[in-house]
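final.txt (compact mmCIF, C-alpha atoms)
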# COMPACT_ATOMS: atom_id res chain seq x y z
CA MET A 1 26.58 92.57 140.51
CA PHE A 2 26.69 90.08 137.64
CA LEU A 3 26.87 92.29 134.54
CA PRO A 4 30.17 92.60 132.60
CA VAL A 5 32.70 95.34 133.37
CA HIS A 6 33.75 97.83 130.65
CA THR A 7 30.91 96.76 128.37
CA ASN A 8 28.95 99.82 127.29
CA VAL A 9 26.46 101.09 124.76
CA ASP A 10 28.03 104.35 123.57
CA LEU A 11 25.35 106.52 121.96
CA PRO A 12 25.83 110.14 120.77
CA LEU A 13 25.59 112.94 123.36
CA ILE A 14 24.81 110.73 126.37
CA PRO A 15 27.55 109.00 128.41
CA ALA A 16 28.36 105.37 127.69
CA MET A 17 25.67 103.17 129.26
CA GLY A 18 26.94 100.17 131.21
CA LYS A 19 26.47 98.11 134.34
CA ASP A 20 26.42 101.17 136.63
CA THR A 21 24.06 103.36 134.63
CA ILE A 22 21.58 101.00 132.94
CA PRO A 23 20.13 99.69 136.26
CA VAL A 24 19.63 103.28 137.44
CA LEU A 25 17.91 104.20 134.19
CA ALA A 26 15.73 101.09 134.49
CA ALA A 27 14.72 102.12 138.02
CA ILE A 28 13.84 105.64 136.86
CA ILE A 29 11.71 104.30 133.99
CA GLY A 30 10.06 101.84 136.37
CA CYS A 31 9.08 104.66 138.72
CA TRP A 32 7.66 106.73 135.85
CA LEU A 33 5.84 104.07 133.86
CA ILE A 34 4.86 101.43 136.42
CA LYS A 35 4.32 103.41 139.62
CA ASN A 36 3.58 106.75 137.92
CA LYS A 37 5.95 108.52 140.31
CA LYS A 38 8.62 111.02 139.39
CA ILE A 39 11.88 111.41 141.24
CA LYS A 40 11.91 114.71 143.09
CA PHE A 41 15.23 116.48 142.62
CA PHE A 42 14.16 120.09 143.16
CA SER A 43 11.52 119.79 145.87
CA ASN A 44 14.15 119.98 148.60
CA LYS A 45 14.90 122.96 150.79
CA GLY A 46 17.93 124.77 152.14
CA LEU A 47 21.43 123.35 151.79
CA LEU A 48 20.27 120.17 150.07
CA GLN A 49 18.59 122.16 147.31
CA LEU A 50 21.73 124.26 146.86
CA LEU A 51 23.88 121.15 146.49
CA VAL A 52 21.51 119.76 143.84
CA LEU A 53 21.63 123.02 141.89
CA LEU A 54 25.44 123.00 142.00
CA ILE A 55 25.56 119.43 140.70
CA PHE A 56 23.22 120.15 137.79
CA PHE A 57 24.38 123.63 136.76
CA GLY A 58 28.07 123.41 137.68
CA PRO A 59 28.99 121.48 134.48
CA PHE A 60 27.84 124.38 132.31
CA ILE A 61 30.13 126.80 134.14
CA THR A 62 32.96 124.26 133.93
CA ALA A 63 32.47 124.01 130.16
CA LEU A 64 32.26 127.79 129.79
CA LEU A 65 35.58 128.30 131.63
CA ASN A 66 37.41 125.60 129.63
CA ASN A 67 36.85 126.69 126.03
CA ASP A 68 40.58 126.61 125.22
CA ARG A 69 42.59 123.80 123.66
CA ILE A 70 45.60 122.40 125.50
CA PHE A 71 48.53 121.58 123.19
CA LEU A 72 50.99 118.91 124.28
CA ALA A 73 54.12 117.53 122.64
CA ASN A 74 52.35 114.98 120.44
CA ARG A 75 48.64 115.75 120.84
CA PHE A 76 46.13 118.22 122.16
CA LEU A 77 43.24 118.13 124.59
CA PRO A 78 40.07 119.60 123.07
CA GLU A 79 38.12 122.50 124.46
CA LEU A 80 34.86 121.86 126.26
CA THR A 81 31.63 122.65 124.43
CA PHE A 82 27.93 122.81 125.23
CA HIS A 83 27.78 119.18 124.05
CA ASP A 84 30.27 118.22 126.78
CA ALA A 85 28.24 120.09 129.40
CA ILE A 86 25.08 118.18 128.42
CA SER A 87 26.96 114.88 128.51
CA ILE A 88 28.36 115.64 131.98
CA LEU A 89 24.91 116.71 133.17
CA ILE A 90 23.37 113.40 132.06
CA SER A 91 26.19 111.51 133.77
CA GLN A 92 25.60 113.47 136.98
CA PHE A 93 21.86 112.84 136.69
CA LEU A 94 22.36 109.09 136.46
CA GLN A 95 24.80 109.11 139.38
CA ILE A 96 22.65 110.96 141.91
CA SER A 97 19.29 109.58 140.76
CA ALA A 98 20.03 106.53 142.91
CA PHE A 99 20.52 108.88 145.87
CA PHE A 100 17.10 110.48 145.40
CA LEU A 101 15.45 107.13 144.72
CA GLY A 102 16.61 106.04 148.16
CA LYS A 103 15.64 109.33 149.78
CA GLN A 104 12.14 109.31 148.32
CA PHE A 105 11.07 105.67 148.54
CA PHE A 106 12.90 104.25 151.61
CA ARG A 107 11.83 106.33 154.59
CA THR A 108 10.47 104.01 157.29
CA TYR A 109 12.21 101.67 159.71
CA PRO A 110 10.91 98.57 157.84
CA ASP A 111 12.35 100.06 154.62
CA GLN A 112 15.73 100.56 156.25
CA LEU A 113 15.65 97.10 157.83
CA TYR A 114 14.77 95.59 154.45
CA MET A 115 17.78 97.29 152.92
CA PHE A 116 20.11 95.88 155.61
CA ARG A 117 18.68 92.39 155.28
CA PHE A 118 18.87 92.50 151.49
CA LEU A 119 22.49 93.71 151.58
CA VAL A 120 23.46 90.80 153.83
CA MET A 121 21.61 88.26 151.68
CA VAL A 122 23.29 89.33 148.44
CA GLY A 123 26.60 89.42 150.32
CA LEU A 124 26.15 85.82 151.41
CA ILE A 125 25.29 84.76 147.85
CA TYR A 126 28.27 86.65 146.44
CA SER A 127 30.58 85.24 149.11
CA ILE A 128 30.27 81.78 147.52
CA LEU A 129 31.70 83.12 144.26
CA MET A 130 34.32 85.09 146.18
CA LEU A 131 35.54 82.02 148.06
CA PHE A 132 35.74 80.13 144.77
CA GLU A 133 38.00 82.82 143.25
CA ILE A 134 40.10 83.10 146.40
CA ARG A 135 40.92 79.41 145.97
CA MET A 136 40.96 79.08 142.17
CA SER A 137 42.03 82.64 141.15
CA PRO A 138 39.73 85.33 139.68
CA GLN A 139 38.44 83.61 136.54
CA LEU A 140 34.64 83.97 136.56
CA HIS A 141 34.51 87.17 134.51
CA ARG A 142 36.80 85.67 131.85
CA TRP A 143 34.87 82.39 131.76
CA VAL A 144 31.47 84.06 131.42
CA TYR A 145 32.31 87.15 129.33
CA GLY A 146 35.55 86.18 127.61
CA PHE A 147 37.94 88.77 129.06
CA PHE A 148 39.48 89.88 132.34
CA PRO A 149 38.48 93.45 133.29
CA HIS A 150 41.67 94.68 134.98
CA SER A 151 45.31 93.89 135.68
CA PHE A 152 45.51 90.28 136.86
CA ALA A 153 48.79 91.00 138.66
CA GLN A 154 47.02 93.46 140.98
CA GLN A 155 44.78 90.65 142.21
CA ILE A 156 47.72 88.57 143.49
CA ARG A 157 48.35 89.29 147.17
CA GLY A 158 49.94 87.44 150.08
CA GLY A 159 50.63 84.26 148.18
CA GLY A 160 47.00 84.03 147.06
CA PHE A 161 44.33 85.88 145.13
CA ARG A 162 41.87 88.68 145.65
CA PRO A 163 38.37 87.84 144.44
CA VAL A 164 37.12 90.01 141.56
CA VAL A 165 33.98 88.13 140.48
CA PHE A 166 32.04 90.64 138.30
CA MET A 167 33.03 93.91 140.01
CA GLY A 168 36.16 94.76 138.06
CA HIS A 169 38.78 94.81 140.80
CA GLY A 170 39.53 93.12 144.10
CA LEU A 171 39.46 96.45 145.97
CA TRP A 172 35.83 97.02 144.98
CA VAL A 173 34.85 93.51 146.05
CA ALA A 174 36.59 94.06 149.39
CA PHE A 175 34.77 97.32 150.04
CA PHE A 176 31.46 95.72 149.10
CA THR A 177 32.26 93.12 151.76
CA VAL A 178 32.89 95.92 154.28
CA CYS A 179 29.36 97.20 153.65
CA VAL A 180 27.94 93.72 154.11
CA VAL A 181 29.90 93.27 157.37
CA VAL A 182 28.48 96.55 158.70
CA ALA A 183 24.94 95.48 157.82
CA ALA A 184 25.38 92.02 159.35
CA SER A 185 26.90 93.47 162.54
CA ALA A 186 23.96 95.85 162.93
CA LEU A 187 21.45 93.02 162.46
CA THR A 188 23.36 90.98 165.04
CA ARG A 189 23.13 93.79 167.59
CA ILE A 190 19.35 94.04 167.19
CA ASN A 191 19.10 90.21 167.06
CA GLU A 192 17.49 90.16 163.61
CA LYS A 193 17.81 86.79 161.90
CA ILE A 194 18.87 86.41 158.27
CA ARG A 195 16.64 83.61 157.03
CA ASN A 196 17.30 80.83 159.54
CA PHE A 197 20.94 81.73 160.17
CA PRO A 198 21.99 83.02 163.60
CA PRO A 199 22.99 86.68 163.04
CA SER A 200 26.22 86.43 165.04
CA MET A 201 27.40 83.45 162.99
CA VAL A 202 26.71 85.37 159.77
CA SER A 203 28.65 88.44 160.91
CA TYR A 204 31.72 86.40 161.97
CA TYR A 205 31.63 84.43 158.72
CA LEU A 206 31.59 87.65 156.70
CA VAL A 207 34.53 89.05 158.68
CA VAL A 208 36.50 85.92 157.72
CA VAL A 209 35.56 86.48 154.06
CA LEU A 210 36.74 90.09 154.38
CA VAL A 211 40.11 88.91 155.72
CA LEU A 212 40.45 86.57 152.75
CA CYS A 213 39.84 89.50 150.35
CA LYS A 214 43.42 90.61 151.17
CA SER A 215 42.74 94.35 151.12
CA LYS A 216 44.32 95.92 154.18
CA ALA A 217 42.45 99.22 153.96
CA SER A 218 39.07 97.51 153.66
CA LEU A 219 40.02 95.12 156.46
CA ALA A 220 40.80 98.13 158.66
CA TYR A 221 37.40 99.67 157.80
CA GLY A 222 35.61 96.40 158.45
CA VAL A 223 37.28 95.62 161.79
CA PHE A 224 36.76 99.21 162.93
CA ALA A 225 33.04 99.10 162.08
CA PHE A 226 32.62 95.60 163.50
CA VAL A 227 34.12 96.61 166.86
CA MET A 228 32.23 99.91 166.95
CA ILE A 229 28.86 98.27 166.35
CA LYS A 230 29.53 95.33 168.68
CA ILE A 231 30.95 97.25 171.63
CA ILE A 232 30.56 101.04 171.39
CA SER A 233 27.34 102.86 172.28
CA VAL A 234 25.10 104.01 169.44
CA LYS A 235 25.65 107.64 170.46
CA ASN A 236 29.42 107.33 170.10
CA GLN A 237 28.99 105.45 166.83
CA MET A 238 27.04 108.41 165.51
CA ASN A 239 29.68 110.86 166.77
CA ALA A 240 32.40 108.82 165.04
CA ALA A 241 30.39 108.78 161.82
CA VAL A 242 30.04 112.58 161.82
CA LEU A 243 33.76 113.05 162.53
CA LEU A 244 34.75 110.73 159.68
CA ALA A 245 32.33 112.45 157.26
CA LEU A 246 33.69 115.88 158.19
CA LEU A 247 37.25 114.61 157.80
CA ALA A 248 36.51 113.41 154.26
CA LEU A 249 34.75 116.66 153.43
CA SER A 250 37.61 118.80 154.71
CA TYR A 251 40.43 116.66 153.27
CA PRO A 252 41.13 118.85 150.17
CA THR A 253 41.32 121.99 152.31
CA LEU A 254 43.58 120.29 154.85
CA SER A 255 45.82 119.07 152.02
CA ILE A 256 45.99 122.49 150.35
CA MET A 257 46.94 124.10 153.66
CA ASN A 258 49.47 121.31 154.42
CA ILE A 259 47.68 120.54 157.68
CA PHE A 260 46.75 116.92 157.04
CA PRO A 261 49.41 114.65 158.64
CA HIS A 262 50.41 112.67 155.56
CA LYS A 263 53.82 111.66 156.97
CA GLN A 264 52.32 110.39 160.20
CA VAL A 265 49.73 108.36 158.28
CA ILE A 266 52.52 106.75 156.24
CA GLU A 267 54.45 105.90 159.42
CA VAL A 268 51.37 104.32 161.01
CA ALA A 269 50.68 102.36 157.82
CA GLU A 270 54.25 101.07 157.78
CA THR A 271 54.01 99.98 161.42
CA LEU A 272 50.61 98.30 161.17
CA MET A 273 50.47 97.12 157.56
CA GLY A 274 54.08 96.82 156.44
CA PRO A 275 56.38 98.68 154.03
CA GLU A 276 54.46 97.63 150.91
CA ARG A 277 51.30 99.40 152.04
CA ALA A 278 53.30 102.43 153.18
CA GLU A 279 54.97 102.67 149.77
CA SER A 280 51.56 102.53 148.11
CA LEU A 281 50.41 105.45 150.26
CA VAL A 282 53.55 107.43 149.36
CA VAL A 283 52.75 107.02 145.67
CA ARG A 284 49.13 108.08 146.22
CA PHE A 285 50.04 111.12 148.28
CA ASP A 286 52.72 112.21 145.79
CA ASN A 287 50.26 111.99 142.93
CA GLU A 288 47.61 113.80 144.96
CA LYS A 289 50.03 116.68 145.49
CA ILE A 290 50.80 116.98 141.78
CA LEU A 291 47.13 116.77 140.80
CA LEU A 292 46.09 119.19 143.54
CA ASN A 293 48.60 121.81 142.39
CA HIS A 294 47.22 121.46 138.87
CA ALA A 295 43.61 121.62 140.11
CA LYS A 296 44.27 124.85 142.00
CA GLU A 297 44.74 126.60 138.63
CA LYS A 298 41.01 126.03 138.01
CA PHE A 299 40.08 126.01 141.68
CA PHE A 300 36.34 126.64 141.70
CA PHE A 301 34.94 124.78 138.67
CA GLY A 302 37.78 122.49 137.56
CA TRP A 303 39.30 121.46 134.25
CA GLY A 304 36.44 119.36 132.89
CA GLY A 305 36.81 116.10 130.99
CA TRP A 306 39.03 114.77 128.17
CA GLY A 307 41.83 114.19 130.68
CA ARG A 308 42.35 117.92 131.22
CA ASN A 309 42.51 117.32 134.99
CA ARG A 310 45.66 115.21 134.62
CA VAL A 311 49.28 116.41 134.47
CA TYR A 312 51.44 115.63 131.42
CA ASN A 313 55.14 115.58 130.62
CA LYS A 314 55.94 118.76 128.69
CA GLU A 315 58.48 117.05 126.44
CA THR A 316 56.73 113.77 125.62
CA GLY A 317 53.10 114.64 126.29
CA GLY A 318 52.70 111.47 128.35
CA ASN A 319 50.50 111.32 131.42
CA ILE A 320 52.64 111.41 134.58
CA THR A 321 49.90 111.12 137.21
CA ILE A 322 47.73 108.39 138.70
CA THR A 323 44.21 109.40 139.69
CA ASP A 324 43.11 106.84 142.27
CA GLY A 325 40.97 108.78 144.73
CA ARG A 326 37.44 109.83 143.88
CA TRP A 327 37.98 113.13 145.71
CA VAL A 328 40.95 114.20 143.59
CA ILE A 329 39.16 113.16 140.38
CA THR A 330 36.07 115.17 141.32
CA PHE A 331 38.14 118.13 142.48
CA GLY A 332 40.22 118.14 139.30
CA VAL A 333 37.27 117.76 136.91
CA TYR A 334 34.61 119.87 138.66
CA GLY A 335 36.64 122.02 141.05
CA MET A 336 35.98 122.77 144.71
CA VAL A 337 32.36 123.60 143.91
CA GLY A 338 31.81 120.18 142.33
CA PHE A 339 33.60 118.44 145.20
CA ILE A 340 31.46 120.18 147.82
CA ALA A 341 28.30 119.39 145.87
CA GLU A 342 29.07 115.69 145.54
CA PHE A 343 30.63 114.98 148.93
CA GLY A 344 28.20 117.38 150.57
CA LEU A 345 25.29 115.13 149.59
CA LEU A 346 26.97 112.23 151.37
CA ALA A 347 27.92 114.30 154.40
CA ILE A 348 24.46 115.82 154.82
CA SER A 349 23.02 112.31 155.11
CA VAL A 350 25.28 111.58 158.09
CA VAL A 351 24.67 114.96 159.74
CA ARG A 352 20.88 114.64 159.36
CA ALA A 353 21.07 111.15 160.84
CA ARG A 354 22.71 112.58 163.95
CA GLN A 355 19.98 115.20 164.19
CA ALA A 356 17.31 112.52 163.84
CA ALA A 357 18.90 110.11 166.32
CA LYS A 358 18.16 112.29 169.35
CA TRP A 359 14.43 111.84 168.73
CA LEU A 360 14.52 108.05 168.60
CA LYS A 361 13.36 106.14 171.66
CA ASN A 362 13.30 102.67 170.09
CA LYS A 363 16.68 100.99 170.67
CA LYS A 364 16.57 98.89 167.50
CA GLU A 365 15.77 101.89 165.31
CA HIS A 366 18.57 103.89 166.95
CA THR A 367 21.05 101.03 166.46
CA LEU A 368 20.21 100.67 162.77
CA LEU A 369 20.39 104.41 162.14
CA SER A 370 23.81 104.72 163.82
CA ALA A 371 25.23 101.74 161.93
CA HIS A 372 23.87 103.17 158.68
CA ALA A 373 25.52 106.54 159.36
CA LEU A 374 28.79 104.80 160.18
CA LEU A 375 28.58 102.91 156.90
CA ILE A 376 28.12 106.09 154.82
CA SER A 377 31.00 107.79 156.64
CA LEU A 378 33.24 104.85 155.69
CA VAL A 379 32.04 105.22 152.08
CA MET A 380 33.25 108.83 152.21
CA ILE A 381 36.61 107.90 153.74
CA ASP A 382 37.17 105.25 151.07
CA GLN A 383 36.82 107.92 148.38
CA LEU A 384 40.09 109.46 149.55
CA PRO A 385 42.37 106.59 148.42
CA ASN A 386 39.94 104.87 146.01
CA ALA A 387 37.08 105.59 143.60
CA THR A 388 34.37 103.14 144.65
CA LEU A 389 31.37 105.51 144.62
CA ASP A 390 28.99 103.51 142.44
CA PRO A 391 25.22 104.17 142.21
CA TRP A 392 24.37 101.45 144.75
CA LEU A 393 26.37 103.37 147.35
CA TRP A 394 24.51 106.55 146.38
CA LEU A 395 21.32 104.57 146.98
CA LEU A 396 22.44 103.60 150.51
CA SER A 397 23.28 107.22 151.27
CA GLY A 398 19.91 108.41 149.99
CA ILE A 399 18.11 105.83 152.14
CA LEU A 400 19.92 107.18 155.21
CA LEU A 401 18.82 110.73 154.38
CA GLY A 402 15.24 109.66 153.65
CA ARG A 403 14.98 107.74 156.92
CA SER A 404 16.48 110.65 158.88
CA GLU A 405 14.12 113.20 157.32
CA GLU A 406 11.14 110.98 158.08
CA ILE A 407 12.13 110.72 161.76
CA ILE A 408 12.50 114.50 162.01
CA ALA A 409 9.22 115.11 160.15
CA VAL A 410 7.27 112.73 162.41
CA ARG A 411 8.73 114.36 165.50
CA LYS A 412 7.82 117.85 164.28
CA LYS A 413 4.28 116.69 163.50
CA MET A 414 3.91 115.22 166.99
CA SER A 415 5.21 118.42 168.59
CA LEU A 416 2.80 120.53 166.52
CA THR A 417 -0.12 118.28 167.51
CA LYS A 418 0.74 118.72 171.19
CA VAL A 419 0.87 122.50 170.80
CA VAL A 420 -2.53 122.58 169.06
CA HIS A 421 -4.16 120.46 171.78
Please express the file's structure as structure tokens.
Amino acid sequence: MFLPVHTNVDLPLIPAMGKDTIPVLAAIIGCWLIKNKKIKFFSNKGLLQLLVLLIFFGPFITALLNNDRIFLANRFLPELTFHDAISILISQFLQISAFFLGKQFFRTYPDQLYMFRFLVMVGLIYSILMLFEIRMSPQLHRWVYGFFPHSFAQQIRGGGFRPVVFMGHGLWVAFFTVCVVVAASALTRINEKIRNFPPSMVSYYLVVVLVLCKSKASLAYGVFAFVMIKIISVKNQMNAAVLLALLALSYPTLSIMNIFPHKQVIEVAETLMGPERAESLVVRFDNEKILLNHAKEKFFFGWGGWGRNRVYNKETGGNITITDGRWVITFGVYGMVGFIAEFGLLAISVVRARQAAKWLKNKKEHTLLSAHALLISLVMIDQLPNATLDPWLWLLSGILLGRSEEIIAVRKKMSLTKVVH
């Protein structure tokens, strides 16, 4: 949360190591050397094991199917080699390691509660820096590290500023705040104090901070989650989480088949959020269509790296597309197989949570599990317009899966004990 953006150690073969990957690598080394525990990637069963195999072995097929050079007007895009496959594999390993760290080491209700409390605490600490930048403009990254990590103009909204702090962009800070709001709302519902602060006061304060982040999409997520957790039953929260996860998972198919109501979404956005937001969605959807048509040429395993997933002007060789959404990036680079593998890991966490919820009798545990599932479903939805899927979000998803599997395992053990007796 405080390391510099776009500052990497770029060694041969392995991907550039920066603020997203070095903490994950440190956690892996800590598990191996300090706790003498290895992360279990291949000890899973069924669909989860299949998804893991696709993530690890898919890059080799992608590289094998993209061994041709692409010549443009003033340059060419290189073919993929075994070296590229290894580099992609290491990148994938570092991404999903956080998921399996969460799944393996955070399995009990106290573990899950600790995660929620910790998320709220760091959110409260970060909110001080956010409020400073909202008032004074996003300057902290430049003051500390000597440069601004993104376009400053994109952080000017509504006659004020979006906070950036050390996350790289105001949109990422806003979505982080959404996650904190969800956690605080869940703690409020189970009446769990954060230090000596009343939980309801904390949740309302964080909603105000989210409003000041000036991101309309994140504000919509946050208000939706806040209302759901405050008012709606935990059963219906879980149902909503599953529906949102399935929507995100099916979005490429719906787009390919021209079933998804893009026009209606734009009209709703214009009504609720104004013409500026609607125009932004038009640009995103237009680019998605161009990129999707290009991706369909390498439908199953994608185009690979080196910008081969983008679309270029035939005369000038210039890039004519904007790749905002994580889903369209993943689909273009790794194909439908890669998309299903990556988004399937997130979706399976939500689905397993629903399966586990029916065995819970404790109201607090049920409340926390439903809020957690709702949070991960919002993470998936946000990957449609944005690319915010950092390792810490993988960690939260893995914790949800680990907690859900533990509930199911305990229930099965109790049922078996009853049968034996």
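Rounded to one decimal, atom CA of Trp303 of chain A and atom CA of Leu65 of chain A lie 8.2 Å from each other.
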Using only C-alpha atoms, which of the listed residues (A:Asn44, A:Asn362, A:Ser151, A:Ser377) sits closest to Lys103 of chain A?
A:Asn44
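In terms of minimum interatomic distance to Thr330 of chain A, A:Phe300 ranks closest within A:Trp359, A:Phe300, A:Phe176, A:Phe76, counting all atoms listed in the file.
Going from atom CA of Ile232 of chain A to atom CA of Ser397 of chain A covers 22.3 Å.
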With distances taken over only C-alpha atoms, which residue among A:Leu346, A:Val5, A:Val207, A:Ala269 lies nearest Val164 of chain A?
A:Val5
Residues near Gln95 of chain A, anyone? I mean within 8 Å using only C-alpha atoms, not counting same-chain ones fewer than 6 positions away, as a compact mmCIF listing (two decimals) with C-alpha atoms, in the frame of the given file.
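Everything below was put into out-v5.txt:
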# COMPACT_ATOMS: atom_id res chain seq x y z
CA THR A 21 24.06 103.36 134.63
CA ASP A 390 28.99 103.51 142.44
CA PRO A 391 25.22 104.17 142.21
CA TRP A 394 24.51 106.55 146.38
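Minimum distance to Ser91 of chain A across A:Gly46, A:Met121, A:Pro78, A:Ile22 (counting all atoms listed in the file) occurs at A:Ile22.
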Among A:Leu11, A:Val178, A:Leu249, A:Leu396, Val328 of chain A is approached most closely, using all atoms listed in the file, by A:Leu249
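Of note, atom CA of Leu80 of chain A and atom CA of Gly307 of chain A are spaced 11.3 Å apart.
The shortest atom-to-atom distance to Val180 of chain A, with all atoms listed in the file taken into account, belongs to A:Ala371 out of A:Leu3, A:Leu400, A:Ala371, A:Ala73.
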Taking (21.4, 104.3, 162.8) as a centre in this file's frame and 9 Å as the limit, can you find every polymer residue with an atom that close, using only C-alpha atoms, and give them as a ChimeraX atom specification?
/A:186,234,237-238,353-354,357,364-374,400,404
Produce a file of the selected residues containing C-alpha atoms, as a PDB file, in the coordinates of the input.
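File produced: out14.pdb:
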ATOM      1  CA  ALA A 186      23.960  95.850 162.930  1.00  0.00           C
ATOM      2  CA  VAL A 234      25.100 104.010 169.440  1.00  0.00           C
ATOM      3  CA  GLN A 237      28.990 105.450 166.830  1.00  0.00           C
ATOM      4  CA  MET A 238      27.040 108.410 165.510  1.00  0.00           C
ATOM      5  CA  ALA A 353      21.070 111.150 160.840  1.00  0.00           C
ATOM      6  CA  ARG A 354      22.710 112.580 163.950  1.00  0.00           C
ATOM      7  CA  ALA A 357      18.900 110.110 166.320  1.00  0.00           C
ATOM      8  CA  LYS A 364      16.570  98.890 167.500  1.00  0.00           C
ATOM      9  CA  GLU A 365      15.770 101.890 165.310  1.00  0.00           C
ATOM     10  CA  HIS A 366      18.570 103.890 166.950  1.00  0.00           C
ATOM     11  CA  THR A 367      21.050 101.030 166.460  1.00  0.00           C
ATOM     12  CA  LEU A 368      20.210 100.670 162.770  1.00  0.00           C
ATOM     13  CA  LEU A 369      20.390 104.410 162.140  1.00  0.00           C
ATOM     14  CA  SER A 370      23.810 104.720 163.820  1.00  0.00           C
ATOM     15  CA  ALA A 371      25.230 101.740 161.930  1.00  0.00           C
ATOM     16  CA  HIS A 372      23.870 103.170 158.680  1.00  0.00           C
ATOM     17  CA  ALA A 373      25.520 106.540 159.360  1.00  0.00           C
ATOM     18  CA  LEU A 374      28.790 104.800 160.180  1.00  0.00           C
ATOM     19  CA  LEU A 400      19.920 107.180 155.210  1.00  0.00           C
ATOM     20  CA  SER A 404      16.480 110.650 158.880  1.00  0.00           C
TER      21      SER A 404
END
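When the distance limit is 10 Å and only C-alpha atoms are what count, the residues near Leu171 of chain A, minus those fewer than 4 positions from it on the same chain, are Gln154, Gln155, Arg162, Pro163, Val164, Met167, Phe175, Phe176, Thr177, Cys213, Lys214, Ser215, Lys216, Ala217, Ser218, Asn386, Ala387 and Thr388 of chain A.
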Would you be able to write out as a PyMOL selection string which residues have an atom within 6 Å of (28.8, 105.8, 150.8) in the file's coordinates, counting all atoms listed in the file?
chain A and resi 376+379-380+393+397
Selection: 7 Å around segment 96-100 of chain A, only C-alpha atoms, excl. self and same-chain fewer than 4 positions, as a count of residues only
11
